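Asker: Below you'll find the structure I mean.
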Amino acid sequence: MLMQANESAVLVVDLQKKLLPAIHEGPSILSHAVRMATIAGLLGVPVIGTEQVPDKLGPNHPDIARLCDKILPKRHFDACAEGLLPALPMPVRQIIVTGCEAHICVLQTALSLLHAGYRVLPLLEGCGSRRPADRDAAFERLRAAGATLVTLEMVAYEWMRESSHPQFRNVLHLIK
């Protein structure tokens, strides 16, 4: 089943400035999340961010925070336990997930979204953990639970559908 821009949202989980230095390939994770959120903005796809205990861990990195339509502070690892579900606009049914830590907050949130009936699509190059083995284990669990792993290019091209899309050149510039 192809992804539909009008049924999608991008969820940015805890890409906080203080956490990113500890994440394996943190700058690359942030870069891919920023590109995904930028493409979402160009195509009218909502972007929702979360921040894990922001009073202690600080805010999301400014490069991603400026692209979020809404940012939800949380204490639970699972953002669904603290208001994510009501924050998702209708008719969103597909959630592209990016963020850290893949094996904790991303995993628990994604599993709850799956349980709530959403189609969950973790962004391969946009999710990270301190250790690659933890990230890989999270992806294995998510795949087994019914999530579909995707790449930035898959999402962008499926959302646009054709090269005559009015934002094609702008999106292509972000991909290349």
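To be explicit about the labels: the chains of the structure tokens are called A, B, and onward in the order shown, and within each one the residues are counted from 1, while ligands get numbers from 1 in the order they are shown.
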Residues within 10 Å of Phe139 of chain A, please, as a VMD selection string. Count only C-alpha atoms; anything in the same chain fewer than 4 positions from it doesn't count.
Answerer: chain A and resid 102 to 103 106 to 107 122 to 124 127 133 to 135 143 to 145 147 to 149
Asker: Counting only C-alpha atoms, what is within 9 Å of Glu82 of chain A, bar same-chain residues fewer than 4 positions away, as a ChimeraX atom specification?
Answerer: /A:72-76,78
Asker: What's around Ile95 of chain A at 12 Å? Count only C-alpha atoms, leave out sequence neighbours fewer than 2 positions away in its own chain, and write the answer as an MDAnalysis selection string.
Answerer: chainID A and resid 3:13 40 45:48 84:85 88:89 91:93 97:98 106 109:114 116:123 147:150 155
Asker: Apply DSSP to the backbone of this structure and, from segment 48-85 of chain A, keep only the residues in helix (DSSP H, G or I); write these as a list in words.
Answerer: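 So, restricting segment 48-85 of chain A to helix (DSSP H, G or I), we get Pro54, Asp55, Lys56, Leu57, Pro62, Asp63, Ile64, Ala65, Ala79, Cys80, Ala81, Glu82, Leu84 and Leu85 of chain A.
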Asker: Those residues with all heavy atoms, as an mmCIF file, in the first residue's frame please?
Answerer:
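Output contents, as saved in result-v6.cif:
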```cif
data_model
loop_
_atom_site.group_PDB
_atom_site.id
_atom_site.type_symbol
_atom_site.label_atom_id
_atom_site.label_comp_id
_atom_site.auth_asym_id
_atom_site.auth_seq_id
_atom_site.Cartn_x
_atom_site.Cartn_y
_atom_site.Cartn_z
ATOM 1 N N PRO A 54 11.735 17.890 29.081
ATOM 2 C CA PRO A 54 12.477 19.046 28.575
ATOM 3 C C PRO A 54 13.041 19.949 29.661
ATOM 4 O O PRO A 54 14.050 20.632 29.420
ATOM 5 C CB PRO A 54 11.452 19.784 27.710
ATOM 6 C CG PRO A 54 10.126 19.305 28.181
ATOM 7 C CD PRO A 54 10.337 17.908 28.676
ATOM 8 N N ASP A 55 12.450 19.915 30.861
ATOM 9 C CA ASP A 55 12.999 20.731 31.946
ATOM 10 C C ASP A 55 14.368 20.235 32.376
ATOM 11 O O ASP A 55 15.171 20.994 32.920
ATOM 12 C CB ASP A 55 12.028 20.782 33.137
ATOM 13 C CG ASP A 55 11.590 19.416 33.624
ATOM 14 O OD1 ASP A 55 11.361 18.520 32.782
ATOM 15 O OD2 ASP A 55 11.465 19.231 34.855
ATOM 16 N N LYS A 56 14.681 18.969 32.103
ATOM 17 C CA LYS A 56 15.997 18.416 32.434
ATOM 18 C C LYS A 56 16.873 18.194 31.199
ATOM 19 O O LYS A 56 18.079 18.421 31.244
ATOM 20 C CB LYS A 56 15.834 17.101 33.189
ATOM 21 C CG LYS A 56 15.192 17.298 34.539
ATOM 22 C CD LYS A 56 15.106 16.033 35.316
ATOM 23 C CE LYS A 56 14.461 16.364 36.653
ATOM 24 N NZ LYS A 56 13.985 15.264 37.376
ATOM 25 N N LEU A 57 16.267 17.717 30.106
ATOM 26 C CA LEU A 57 17.041 17.389 28.905
ATOM 27 C C LEU A 57 17.039 18.496 27.858
ATOM 28 O O LEU A 57 17.676 18.370 26.826
ATOM 29 C CB LEU A 57 16.510 16.092 28.282
ATOM 30 C CG LEU A 57 16.634 14.844 29.154
ATOM 31 C CD1 LEU A 57 15.989 13.655 28.477
ATOM 32 C CD2 LEU A 57 18.100 14.555 29.479
ATOM 33 N N PRO A 62 17.113 23.098 17.616
ATOM 34 C CA PRO A 62 16.378 24.179 16.940
ATOM 35 C C PRO A 62 16.105 23.913 15.461
ATOM 36 O O PRO A 62 15.103 24.382 14.924
ATOM 37 C CB PRO A 62 17.263 25.417 17.137
ATOM 38 C CG PRO A 62 18.558 24.930 17.678
ATOM 39 C CD PRO A 62 18.347 23.567 18.238
ATOM 40 N N ASP A 63 16.988 23.157 14.784
ATOM 41 C CA ASP A 63 16.774 22.868 13.365
ATOM 42 C C ASP A 63 15.515 22.047 13.137
ATOM 43 O O ASP A 63 14.874 22.172 12.090
ATOM 44 C CB ASP A 63 17.979 22.131 12.765
ATOM 45 C CG ASP A 63 19.196 23.023 12.650
ATOM 46 O OD1 ASP A 63 19.079 24.253 12.858
ATOM 47 O OD2 ASP A 63 20.280 22.484 12.353
ATOM 48 N N ILE A 64 15.152 21.205 14.112
ATOM 49 C CA ILE A 64 13.942 20.400 13.969
ATOM 50 C C ILE A 64 12.762 21.090 14.645
ATOM 51 O O ILE A 64 11.636 21.038 14.149
ATOM 52 C CB ILE A 64 14.136 18.946 14.477
ATOM 53 C CG1 ILE A 64 13.033 18.026 13.940
ATOM 54 C CG2 ILE A 64 14.207 18.853 15.973
ATOM 55 C CD1 ILE A 64 13.122 17.744 12.477
ATOM 56 N N ALA A 65 12.997 21.764 15.740
ATOM 57 C CA ALA A 65 11.905 22.419 16.472
ATOM 58 C C ALA A 65 11.169 23.432 15.591
ATOM 59 O O ALA A 65 9.940 23.523 15.636
ATOM 60 C CB ALA A 65 12.444 23.104 17.731
ATOM 61 N N ALA A 79 4.933 8.258 24.039
ATOM 62 C CA ALA A 79 4.229 9.536 23.871
ATOM 63 C C ALA A 79 2.711 9.361 23.836
ATOM 64 O O ALA A 79 1.975 10.301 24.131
ATOM 65 C CB ALA A 79 4.705 10.231 22.600
ATOM 66 N N CYS A 80 2.244 8.172 23.503
ATOM 67 C CA CYS A 80 0.798 7.927 23.486
ATOM 68 C C CYS A 80 0.214 7.967 24.893
ATOM 69 O O CYS A 80 -0.983 8.212 25.058
ATOM 70 C CB CYS A 80 0.481 6.590 22.817
ATOM 71 S SG CYS A 80 0.879 6.579 21.055
ATOM 72 N N ALA A 81 1.033 7.751 25.898
ATOM 73 C CA ALA A 81 0.574 7.799 27.290
ATOM 74 C C ALA A 81 0.375 9.235 27.765
ATOM 75 O O ALA A 81 -0.156 9.448 28.845
ATOM 76 C CB ALA A 81 1.568 7.073 28.197
ATOM 77 N N GLU A 82 0.819 10.206 26.945
ATOM 78 C CA GLU A 82 0.748 11.610 27.371
ATOM 79 C C GLU A 82 0.174 12.532 26.316
ATOM 80 O O GLU A 82 0.648 13.646 26.132
ATOM 81 C CB GLU A 82 2.134 12.092 27.784
ATOM 82 C CG GLU A 82 2.612 11.462 29.055
ATOM 83 C CD GLU A 82 3.806 12.167 29.625
ATOM 84 O OE1 GLU A 82 3.707 13.355 29.954
ATOM 85 O OE2 GLU A 82 4.851 11.511 29.734
ATOM 86 N N LEU A 84 -0.399 12.098 22.801
ATOM 87 C CA LEU A 84 -0.086 12.094 21.373
ATOM 88 C C LEU A 84 -1.321 11.772 20.532
ATOM 89 O O LEU A 84 -1.576 12.444 19.532
ATOM 90 C CB LEU A 84 1.045 11.104 21.057
ATOM 91 C CG LEU A 84 1.349 10.931 19.558
ATOM 92 C CD1 LEU A 84 1.776 12.256 18.929
ATOM 93 C CD2 LEU A 84 2.401 9.864 19.346
ATOM 94 N N LEU A 85 -2.077 10.756 20.917
ATOM 95 C CA LEU A 85 -3.201 10.325 20.078
ATOM 96 C C LEU A 85 -4.200 11.455 19.823
ATOM 97 O O LEU A 85 -4.561 11.698 18.669
ATOM 98 C CB LEU A 85 -3.880 9.085 20.669
ATOM 99 C CG LEU A 85 -2.999 7.827 20.676
ATOM 100 C CD1 LEU A 85 -3.708 6.677 21.379
ATOM 101 C CD2 LEU A 85 -2.589 7.424 19.272
#
```
Asker: May I have the residues within 8 Å of His24 of chain A as number ranges by chain, using only C-alpha atoms and disregarding those fewer than 2 positions away in the same chain?
Answerer: A: 21-22, 26, 128-132
